[in-house]
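Printed here is start17.tsv (TSV, N, CA and C atoms):
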chain	number	residue	atom	x	y	z
A	1	MET	N	86.45	68.15	-116.22
A	1	MET	CA	87.51	67.36	-115.63
A	1	MET	C	88.84	68.06	-115.91
A	2	THR	N	89.66	68.13	-114.88
A	2	THR	CA	90.95	68.80	-115.04
A	2	THR	C	92.04	67.76	-115.21
A	3	THR	N	93.00	68.12	-115.99
A	3	THR	CA	94.14	67.21	-116.19
A	3	THR	C	95.22	67.56	-115.17
A	4	PRO	N	95.91	66.55	-114.65
A	4	PRO	CA	96.96	66.86	-113.66
A	4	PRO	C	98.07	67.68	-114.31
A	5	ARG	N	98.59	68.59	-113.52
A	5	ARG	CA	99.66	69.45	-114.03
A	5	ARG	C	100.98	68.71	-113.99
A	6	ARG	N	101.71	68.88	-115.01
A	6	ARG	CA	103.02	68.26	-115.08
A	6	ARG	C	104.05	69.17	-114.43
A	7	ALA	N	104.96	68.57	-113.69
A	7	ALA	CA	106.03	69.37	-113.07
A	7	ALA	C	106.88	69.98	-114.16
A	8	PRO	N	107.35	71.19	-113.97
A	8	PRO	CA	108.18	71.82	-114.99
A	8	PRO	C	109.48	71.05	-115.18
A	9	ASP	N	109.98	71.07	-116.39
A	9	ASP	CA	111.25	70.42	-116.69
A	9	ASP	C	112.36	71.17	-115.95
A	10	PRO	N	113.34	70.44	-115.43
A	10	PRO	CA	114.45	71.12	-114.76
A	10	PRO	C	115.21	71.98	-115.74
A	11	TYR	N	115.74	73.08	-115.24
A	11	TYR	CA	116.49	74.00	-116.08
A	11	TYR	C	117.96	73.59	-116.09
A	12	TYR	N	118.47	73.36	-117.26
A	12	TYR	CA	119.86	72.96	-117.38
A	12	TYR	C	120.72	74.10	-117.92
A	13	GLY	N	120.13	75.09	-118.48
A	13	GLY	CA	120.89	76.22	-118.99
A	13	GLY	C	121.70	75.83	-120.22
A	14	GLN	N	122.62	76.71	-120.58
A	14	GLN	CA	123.46	76.48	-121.75
A	14	GLN	C	124.44	75.35	-121.48
A	15	GLY	N	124.76	74.57	-122.46
A	15	GLY	CA	125.77	73.52	-122.35
A	15	GLY	C	125.37	72.44	-121.37
A	16	SER	N	124.15	71.97	-121.46
A	16	SER	CA	123.68	70.96	-120.51
A	16	SER	C	124.27	69.60	-120.79
A	17	GLY	N	125.20	69.52	-121.74
A	17	GLY	CA	125.80	68.24	-122.08
A	17	GLY	C	126.74	67.72	-121.00
A	18	ALA	N	127.16	68.57	-120.07
A	18	ALA	CA	128.07	68.14	-119.02
A	18	ALA	C	127.32	67.24	-118.04
A	19	ASN	N	127.82	66.05	-117.87
A	19	ASN	CA	127.20	65.16	-116.91
A	19	ASN	C	128.04	65.14	-115.63
A	20	LEU	N	127.62	64.37	-114.68
A	20	LEU	CA	128.28	64.33	-113.39
A	20	LEU	C	129.74	63.88	-113.51
A	21	ALA	N	130.00	62.91	-114.38
A	21	ALA	CA	131.37	62.42	-114.55
A	21	ALA	C	132.28	63.52	-115.07
A	22	ASP	N	131.79	64.32	-116.02
A	22	ASP	CA	132.60	65.44	-116.55
A	22	ASP	C	132.88	66.46	-115.47
A	23	ILE	N	131.88	66.78	-114.69
A	23	ILE	CA	132.05	67.77	-113.62
A	23	ILE	C	133.04	67.25	-112.58
A	24	LEU	N	132.89	65.99	-112.19
A	24	LEU	CA	133.79	65.40	-111.21
A	24	LEU	C	135.22	65.36	-111.74
A	25	GLU	N	135.39	65.01	-113.00
A	25	GLU	CA	136.72	64.99	-113.60
A	25	GLU	C	137.35	66.38	-113.58
A	26	ARG	N	136.56	67.38	-113.89
A	26	ARG	CA	137.06	68.75	-113.90
A	26	ARG	C	137.45	69.21	-112.50
A	27	VAL	N	136.62	68.89	-111.50
A	27	VAL	CA	136.91	69.28	-110.11
A	27	VAL	C	138.16	68.58	-109.62
A	28	LEU	N	138.28	67.27	-109.89
A	28	LEU	CA	139.45	66.54	-109.43
A	28	LEU	C	140.71	66.99	-110.14
A	29	ASP	N	140.59	67.38	-111.40
A	29	ASP	CA	141.75	67.84	-112.15
A	29	ASP	C	142.24	69.19	-111.65
A	30	LYS	N	141.33	70.09	-111.38
A	30	LYS	CA	141.71	71.44	-110.94
A	30	LYS	C	141.80	71.56	-109.42
A	31	GLY	N	140.94	70.83	-108.72
A	31	GLY	CA	140.90	70.93	-107.27
A	31	GLY	C	139.94	72.03	-106.85
A	32	ILE	N	139.40	71.88	-105.67
A	32	ILE	CA	138.48	72.88	-105.13
A	32	ILE	C	138.73	72.97	-103.62
A	33	VAL	N	138.70	74.17	-103.10
A	33	VAL	CA	138.93	74.39	-101.67
A	33	VAL	C	137.68	75.03	-101.09
A	34	ILE	N	137.22	74.47	-99.99
A	34	ILE	CA	136.08	75.03	-99.27
A	34	ILE	C	136.59	75.35	-97.86
A	35	ALA	N	136.44	76.57	-97.45
A	35	ALA	CA	136.95	76.99	-96.14
A	35	ALA	C	135.85	77.69	-95.36
A	36	GLY	N	135.87	77.50	-94.07
A	36	GLY	CA	134.88	78.16	-93.23
A	36	GLY	C	135.27	78.11	-91.77
A	37	ASP	N	134.79	79.05	-91.02
A	37	ASP	CA	135.05	79.11	-89.58
A	37	ASP	C	133.72	79.13	-88.84
A	38	ILE	N	133.70	78.43	-87.72
A	38	ILE	CA	132.53	78.45	-86.85
A	38	ILE	C	133.00	79.00	-85.51
A	39	ARG	N	132.36	80.04	-85.05
A	39	ARG	CA	132.72	80.63	-83.76
A	39	ARG	C	131.49	80.68	-82.87
A	40	ILE	N	131.67	80.26	-81.64
A	40	ILE	CA	130.58	80.32	-80.68
A	40	ILE	C	131.00	81.29	-79.59
A	41	ASN	N	130.24	82.37	-79.46
A	41	ASN	CA	130.51	83.40	-78.46
A	41	ASN	C	129.36	83.48	-77.48
A	42	LEU	N	129.67	83.82	-76.25
A	42	LEU	CA	128.67	84.08	-75.23
A	42	LEU	C	129.05	85.37	-74.53
A	43	LEU	N	128.22	86.39	-74.70
A	43	LEU	CA	128.49	87.71	-74.12
A	43	LEU	C	129.89	88.21	-74.50
A	44	ASP	N	130.17	88.20	-75.78
A	44	ASP	CA	131.45	88.66	-76.33
A	44	ASP	C	132.66	87.88	-75.82
A	45	ILE	N	132.44	86.68	-75.30
A	45	ILE	CA	133.54	85.81	-74.88
A	45	ILE	C	133.55	84.62	-75.84
A	46	GLU	N	134.66	84.45	-76.50
A	46	GLU	CA	134.75	83.36	-77.46
A	46	GLU	C	134.91	82.03	-76.72
A	47	LEU	N	133.94	81.16	-76.91
A	47	LEU	CA	133.97	79.86	-76.23
A	47	LEU	C	134.59	78.77	-77.09
A	48	LEU	N	134.35	78.85	-78.38
A	48	LEU	CA	134.80	77.77	-79.26
A	48	LEU	C	135.01	78.32	-80.67
A	49	THR	N	136.11	77.91	-81.28
A	49	THR	CA	136.36	78.23	-82.68
A	49	THR	C	136.73	76.95	-83.40
A	50	ILE	N	136.04	76.67	-84.47
A	50	ILE	CA	136.32	75.51	-85.30
A	50	ILE	C	136.64	76.02	-86.70
A	51	LYS	N	137.82	75.67	-87.18
A	51	LYS	CA	138.22	76.07	-88.53
A	51	LYS	C	138.12	74.85	-89.42
A	52	LEU	N	137.34	74.95	-90.46
A	52	LEU	CA	137.13	73.85	-91.40
A	52	LEU	C	137.78	74.18	-92.72
A	53	ARG	N	138.57	73.26	-93.22
A	53	ARG	CA	139.18	73.40	-94.53
A	53	ARG	C	138.99	72.08	-95.26
A	54	LEU	N	138.40	72.13	-96.41
A	54	LEU	CA	138.13	70.93	-97.20
A	54	LEU	C	138.74	71.13	-98.58
A	55	ILE	N	139.57	70.19	-98.97
A	55	ILE	CA	140.17	70.22	-100.30
A	55	ILE	C	139.72	68.97	-101.03
A	56	VAL	N	139.13	69.16	-102.19
A	56	VAL	CA	138.72	68.04	-103.03
A	56	VAL	C	139.58	68.11	-104.28
A	57	ALA	N	140.41	67.07	-104.45
A	57	ALA	CA	141.31	67.03	-105.61
A	57	ALA	C	141.74	65.60	-105.84
A	58	SER	N	142.27	65.34	-107.00
A	58	SER	CA	142.82	64.02	-107.28
A	58	SER	C	144.12	63.85	-106.50
A	59	VAL	N	144.56	62.62	-106.36
A	59	VAL	CA	145.81	62.35	-105.64
A	59	VAL	C	146.98	63.06	-106.35
A	60	ASP	N	147.00	62.99	-107.66
A	60	ASP	CA	148.08	63.64	-108.40
A	60	ASP	C	148.09	65.15	-108.17
A	61	LYS	N	146.92	65.76	-108.20
A	61	LYS	CA	146.82	67.21	-107.99
A	61	LYS	C	147.22	67.57	-106.56
A	62	ALA	N	146.80	66.74	-105.59
A	62	ALA	CA	147.16	67.00	-104.19
A	62	ALA	C	148.68	66.93	-104.02
A	63	LYS	N	149.31	65.92	-104.62
A	63	LYS	CA	150.77	65.81	-104.52
A	63	LYS	C	151.44	67.01	-105.18
A	64	GLU	N	150.88	67.45	-106.29
A	64	GLU	CA	151.41	68.63	-106.98
A	64	GLU	C	151.35	69.86	-106.08
A	65	MET	N	150.31	69.93	-105.23
A	65	MET	CA	150.15	71.06	-104.31
A	65	MET	C	150.95	70.86	-103.03
A	66	GLY	N	151.63	69.71	-102.89
A	66	GLY	CA	152.45	69.46	-101.71
A	66	GLY	C	151.70	68.79	-100.57
A	67	ILE	N	150.56	68.23	-100.87
A	67	ILE	CA	149.75	67.56	-99.85
A	67	ILE	C	149.91	66.05	-100.05
A	68	ASP	N	150.54	65.39	-99.08
A	68	ASP	CA	150.73	63.94	-99.18
A	68	ASP	C	150.74	63.28	-97.80
A	69	TRP	N	149.96	63.79	-96.89
A	69	TRP	CA	149.96	63.29	-95.51
A	69	TRP	C	149.56	61.83	-95.41
A	70	TRP	N	148.78	61.32	-96.34
A	70	TRP	CA	148.34	59.94	-96.28
A	70	TRP	C	149.50	58.96	-96.50
A	71	GLU	N	150.59	59.44	-97.13
A	71	GLU	CA	151.72	58.57	-97.36
A	71	GLU	C	152.53	58.32	-96.10
A	72	THR	N	152.45	59.21	-95.12
A	72	THR	CA	153.22	59.06	-93.89
A	72	THR	C	152.36	58.69	-92.69
A	73	ASP	N	151.08	58.49	-92.90
A	73	ASP	CA	150.17	58.10	-91.80
A	73	ASP	C	150.14	56.58	-91.71
A	74	PRO	N	150.64	56.00	-90.59
A	74	PRO	CA	150.68	54.54	-90.47
A	74	PRO	C	149.30	53.87	-90.57
A	75	ALA	N	148.25	54.59	-90.26
A	75	ALA	CA	146.91	54.01	-90.34
A	75	ALA	C	146.44	53.89	-91.79
A	76	LEU	N	147.07	54.62	-92.71
A	76	LEU	CA	146.61	54.63	-94.10
A	76	LEU	C	147.61	54.04	-95.08
A	77	SER	N	148.86	53.87	-94.67
A	77	SER	CA	149.89	53.42	-95.60
A	77	SER	C	150.68	52.27	-95.00
A	78	SER	N	150.76	51.16	-95.73
A	78	SER	CA	151.53	50.02	-95.24
A	78	SER	C	153.02	50.36	-95.19
A	79	ARG	N	153.49	51.16	-96.14
A	79	ARG	CA	154.90	51.57	-96.13
A	79	ARG	C	155.19	52.42	-94.90
A	80	ALA	N	154.29	53.36	-94.57
A	80	ALA	CA	154.47	54.19	-93.39
A	80	ALA	C	154.43	53.33	-92.13
A	81	ARG	N	153.57	52.31	-92.12
A	81	ARG	CA	153.48	51.41	-90.97
A	81	ARG	C	154.79	50.65	-90.79
A	82	ARG	N	155.37	50.16	-91.90
A	82	ARG	CA	156.66	49.46	-91.83
A	82	ARG	C	157.75	50.40	-91.36
A	83	ASP	N	157.76	51.62	-91.89
A	83	ASP	CA	158.76	52.61	-91.46
A	83	ASP	C	158.64	52.91	-89.98
A	84	GLU	N	157.40	53.05	-89.51
A	84	GLU	CA	157.16	53.33	-88.09
A	84	GLU	C	157.65	52.16	-87.23
A	85	LEU	N	157.36	50.93	-87.64
A	85	LEU	CA	157.82	49.76	-86.90
A	85	LEU	C	159.34	49.65	-86.92
A	86	ALA	N	159.96	49.95	-88.05
A	86	ALA	CA	161.42	49.89	-88.14
A	86	ALA	C	162.05	50.94	-87.23
A	87	ARG	N	161.47	52.15	-87.20
A	87	ARG	CA	161.99	53.20	-86.32
A	87	ARG	C	161.86	52.79	-84.86
A	88	GLU	N	160.69	52.27	-84.50
A	88	GLU	CA	160.46	51.83	-83.13
A	88	GLU	C	161.40	50.69	-82.76
A	89	ASN	N	161.62	49.77	-83.68
A	89	ASN	CA	162.53	48.65	-83.44
A	89	ASN	C	163.95	49.15	-83.20
A	90	ALA	N	164.40	50.11	-84.01
A	90	ALA	CA	165.74	50.66	-83.85
A	90	ALA	C	165.88	51.36	-82.49
A	91	GLU	N	164.85	52.10	-82.08
A	91	GLU	CA	164.89	52.77	-80.77
A	91	GLU	C	164.98	51.74	-79.64
A	92	LEU	N	164.21	50.66	-79.75
A	92	LEU	CA	164.24	49.64	-78.71
A	92	LEU	C	165.59	48.93	-78.67
A	93	ARG	N	166.19	48.66	-79.81
A	93	ARG	CA	167.51	48.04	-79.84
A	93	ARG	C	168.56	48.95	-79.20
A	94	GLU	N	168.44	50.25	-79.47
A	94	GLU	CA	169.38	51.20	-78.88
A	94	GLU	C	169.22	51.25	-77.35
A	95	ARG	N	167.99	51.27	-76.89
A	95	ARG	CA	167.75	51.26	-75.44
A	95	ARG	C	168.27	49.98	-74.80
A	96	LEU	N	168.07	48.85	-75.46
A	96	LEU	CA	168.54	47.57	-74.94
A	96	LEU	C	170.06	47.55	-74.87
A	97	ALA	N	170.73	48.08	-75.89
A	97	ALA	CA	172.19	48.13	-75.89
A	97	ALA	C	172.70	48.99	-74.74
A	98	ARG	N	172.04	50.13	-74.47
A	98	ARG	CA	172.45	50.97	-73.34
A	98	ARG	C	172.26	50.25	-72.02
A	99	LEU	N	171.14	49.53	-71.89
A	99	LEU	CA	170.89	48.78	-70.66
A	99	LEU	C	171.93	47.67	-70.47
A	100	GLU	N	172.29	46.99	-71.55
A	100	GLU	CA	173.29	45.93	-71.47
A	100	GLU	C	174.66	46.49	-71.10
A	101	GLU	N	174.96	47.73	-71.53
A	101	GLU	CA	176.22	48.37	-71.13
A	101	GLU	C	176.22	48.68	-69.65
A	102	LEU	N	175.08	49.06	-69.11
A	102	LEU	CA	174.99	49.39	-67.68
A	102	LEU	C	175.05	48.16	-66.80
A	103	GLU	N	174.59	47.02	-67.25
A	103	GLU	CA	174.52	45.81	-66.44
A	103	GLU	C	175.87	45.33	-65.93
A	104	PRO	N	176.94	45.24	-66.74
A	104	PRO	CA	178.24	44.82	-66.21
A	104	PRO	C	178.76	45.80	-65.15
A	105	ARG	N	178.51	47.08	-65.30
A	105	ARG	CA	178.95	48.06	-64.30
A	105	ARG	C	178.26	47.80	-62.97
A	106	ARG	N	176.97	47.50	-63.02
A	106	ARG	CA	176.24	47.22	-61.78
A	106	ARG	C	176.79	45.97	-61.11
A	107	ALA	N	177.09	44.96	-61.91
A	107	ALA	CA	177.63	43.71	-61.35
A	107	ALA	C	178.98	43.99	-60.67
A	108	GLU	N	179.82	44.83	-61.28
A	108	GLU	CA	181.12	45.19	-60.70
A	108	GLU	C	180.93	45.99	-59.41
A	109	GLU	N	179.99	46.93	-59.42
A	109	GLU	CA	179.74	47.75	-58.23
A	109	GLU	C	179.21	46.90	-57.07
A	110	GLU	N	178.38	45.93	-57.36
A	110	GLU	CA	177.83	45.08	-56.30
A	110	GLU	C	178.90	44.14	-55.77
A	111	ALA	N	179.88	43.75	-56.59
A	111	ALA	CA	180.93	42.85	-56.14
A	111	ALA	C	181.91	43.55	-55.21
A	112	THR	N	182.07	44.85	-55.34
A	112	THR	CA	183.03	45.56	-54.49
A	112	THR	C	182.44	46.08	-53.24
Written as structure tokens, how would this file's structure read?
Amino acid sequence: MTTPRRAPDPYYGQGSGANLADILERVLDKGIVIAGDIRINLLDIELLTIKLRLIVASVDKAKEMGIDWWETDPALSSRARRDELARENAELRERLARLEELEPRRAEEEAT
């Protein structure tokens, strides 16, 4: 009778004390960039190019690197949404004021 073979233990190498949380903390603290390009050619004619850039970092590290697009995107930030609405409101008020200035002139032109 043969005994079933046991699967080999996974190899952890030196310093196997690092767990997923430690690795994630280290990656978020330092940041990591993954870059790649995909090109589709047909008979030496480039049909499509896709450039992929992925940055994995903590919010603090991203801000330190000058990346803060989420703060100005109205879909992601309530402050940006308020700012966008305030800007749009100011533009509409300005347009309305210009239209109201034109209205008395039209009334005068039609009267003469």
Report task. Give me, please, the distance in Å between atom CA of A:Ile67 and atom N of A:Ile34, quoted to one decimal. Result ->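 Spanning atom CA of A:Ile67 to atom N of A:Ile34 is a straight-line distance of 14.3 Å.
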Report summary line: Min atom-atom distance to A:Asp60 from the set A:Asp83, A:Glu101, A:Asp29, A:Glu109, counting all atoms listed in the file, belongs to A:Asp29
**Report entry** Interatomic distance (Å, one decimal) between atom N of A:Leu52 and atom N of A:Val33
**Finding:** 12.7 Å
Query - Interatomic distance, atom C of A:Thr72 to atom C of A:Val59 (Å, one decimal) - result: 15.3 Å
Report task. Among the residues of stretch 13-100 of chain A, find those DSSP assigns to strand (DSSP E) from the backbone and print them as a VMD selection string. Result -> chain A and resid 32 to 42 45 to 56
If you keep N, CA and C atoms, can you produce a file of those selected residues as a PDB file, keeping the file's coordinate frame?
ATOM      1  N   ILE A  32     139.400  71.880-105.670  1.00  0.00           N
ATOM      2  CA  ILE A  32     138.480  72.880-105.130  1.00  0.00           C
ATOM      3  C   ILE A  32     138.730  72.970-103.620  1.00  0.00           C
ATOM      4  N   VAL A  33     138.700  74.170-103.100  1.00  0.00           N
ATOM      5  CA  VAL A  33     138.930  74.390-101.670  1.00  0.00           C
ATOM      6  C   VAL A  33     137.680  75.030-101.090  1.00  0.00           C
ATOM      7  N   ILE A  34     137.220  74.470 -99.990  1.00  0.00           N
ATOM      8  CA  ILE A  34     136.080  75.030 -99.270  1.00  0.00           C
ATOM      9  C   ILE A  34     136.590  75.350 -97.860  1.00  0.00           C
ATOM     10  N   ALA A  35     136.440  76.570 -97.450  1.00  0.00           N
ATOM     11  CA  ALA A  35     136.950  76.990 -96.140  1.00  0.00           C
ATOM     12  C   ALA A  35     135.850  77.690 -95.360  1.00  0.00           C
ATOM     13  N   GLY A  36     135.870  77.500 -94.070  1.00  0.00           N
ATOM     14  CA  GLY A  36     134.880  78.160 -93.230  1.00  0.00           C
ATOM     15  C   GLY A  36     135.270  78.110 -91.770  1.00  0.00           C
ATOM     16  N   ASP A  37     134.790  79.050 -91.020  1.00  0.00           N
ATOM     17  CA  ASP A  37     135.050  79.110 -89.580  1.00  0.00           C
ATOM     18  C   ASP A  37     133.720  79.130 -88.840  1.00  0.00           C
ATOM     19  N   ILE A  38     133.700  78.430 -87.720  1.00  0.00           N
ATOM     20  CA  ILE A  38     132.530  78.450 -86.850  1.00  0.00           C
ATOM     21  C   ILE A  38     133.000  79.000 -85.510  1.00  0.00           C
ATOM     22  N   ARG A  39     132.360  80.040 -85.050  1.00  0.00           N
ATOM     23  CA  ARG A  39     132.720  80.630 -83.760  1.00  0.00           C
ATOM     24  C   ARG A  39     131.490  80.680 -82.870  1.00  0.00           C
ATOM     25  N   ILE A  40     131.670  80.260 -81.640  1.00  0.00           N
ATOM     26  CA  ILE A  40     130.580  80.320 -80.680  1.00  0.00           C
ATOM     27  C   ILE A  40     131.000  81.290 -79.590  1.00  0.00           C
ATOM     28  N   ASN A  41     130.240  82.370 -79.460  1.00  0.00           N
ATOM     29  CA  ASN A  41     130.510  83.400 -78.460  1.00  0.00           C
ATOM     30  C   ASN A  41     129.360  83.480 -77.480  1.00  0.00           C
ATOM     31  N   LEU A  42     129.670  83.820 -76.250  1.00  0.00           N
ATOM     32  CA  LEU A  42     128.670  84.080 -75.230  1.00  0.00           C
ATOM     33  C   LEU A  42     129.050  85.370 -74.530  1.00  0.00           C
ATOM     34  N   ILE A  45     132.440  86.680 -75.300  1.00  0.00           N
ATOM     35  CA  ILE A  45     133.540  85.810 -74.880  1.00  0.00           C
ATOM     36  C   ILE A  45     133.550  84.620 -75.840  1.00  0.00           C
ATOM     37  N   GLU A  46     134.660  84.450 -76.500  1.00  0.00           N
ATOM     38  CA  GLU A  46     134.750  83.360 -77.460  1.00  0.00           C
ATOM     39  C   GLU A  46     134.910  82.030 -76.720  1.00  0.00           C
ATOM     40  N   LEU A  47     133.940  81.160 -76.910  1.00  0.00           N
ATOM     41  CA  LEU A  47     133.970  79.860 -76.230  1.00  0.00           C
ATOM     42  C   LEU A  47     134.590  78.770 -77.090  1.00  0.00           C
ATOM     43  N   LEU A  48     134.350  78.850 -78.380  1.00  0.00           N
ATOM     44  CA  LEU A  48     134.800  77.770 -79.260  1.00  0.00           C
ATOM     45  C   LEU A  48     135.010  78.320 -80.670  1.00  0.00           C
ATOM     46  N   THR A  49     136.110  77.910 -81.280  1.00  0.00           N
ATOM     47  CA  THR A  49     136.360  78.230 -82.680  1.00  0.00           C
ATOM     48  C   THR A  49     136.730  76.950 -83.400  1.00  0.00           C
ATOM     49  N   ILE A  50     136.040  76.670 -84.470  1.00  0.00           N
ATOM     50  CA  ILE A  50     136.320  75.510 -85.300  1.00  0.00           C
ATOM     51  C   ILE A  50     136.640  76.020 -86.700  1.00  0.00           C
ATOM     52  N   LYS A  51     137.820  75.670 -87.180  1.00  0.00           N
ATOM     53  CA  LYS A  51     138.220  76.070 -88.530  1.00  0.00           C
ATOM     54  C   LYS A  51     138.120  74.850 -89.420  1.00  0.00           C
ATOM     55  N   LEU A  52     137.340  74.950 -90.460  1.00  0.00           N
ATOM     56  CA  LEU A  52     137.130  73.850 -91.400  1.00  0.00           C
ATOM     57  C   LEU A  52     137.780  74.180 -92.720  1.00  0.00           C
ATOM     58  N   ARG A  53     138.570  73.260 -93.220  1.00  0.00           N
ATOM     59  CA  ARG A  53     139.180  73.400 -94.530  1.00  0.00           C
ATOM     60  C   ARG A  53     138.990  72.080 -95.260  1.00  0.00           C
ATOM     61  N   LEU A  54     138.400  72.130 -96.410  1.00  0.00           N
ATOM     62  CA  LEU A  54     138.130  70.930 -97.200  1.00  0.00           C
ATOM     63  C   LEU A  54     138.740  71.130 -98.580  1.00  0.00           C
ATOM     64  N   ILE A  55     139.570  70.190 -98.970  1.00  0.00           N
ATOM     65  CA  ILE A  55     140.170  70.220-100.300  1.00  0.00           C
ATOM     66  C   ILE A  55     139.720  68.970-101.030  1.00  0.00           C
ATOM     67  N   VAL A  56     139.130  69.160-102.190  1.00  0.00           N
ATOM     68  CA  VAL A  56     138.720  68.040-103.030  1.00  0.00           C
ATOM     69  C   VAL A  56     139.580  68.110-104.280  1.00  0.00           C
TER      70      VAL A  56
END
Requested in this report: Can you work out which one of A:Ala80, A:Leu20, A:Ile32, A:Leu99 has the shortest atom-to-atom distance to A:Ile55, counting all atoms listed in the file?
Outcome: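 That would be A:Ile32, the residue with the smallest distance to A:Ile55.
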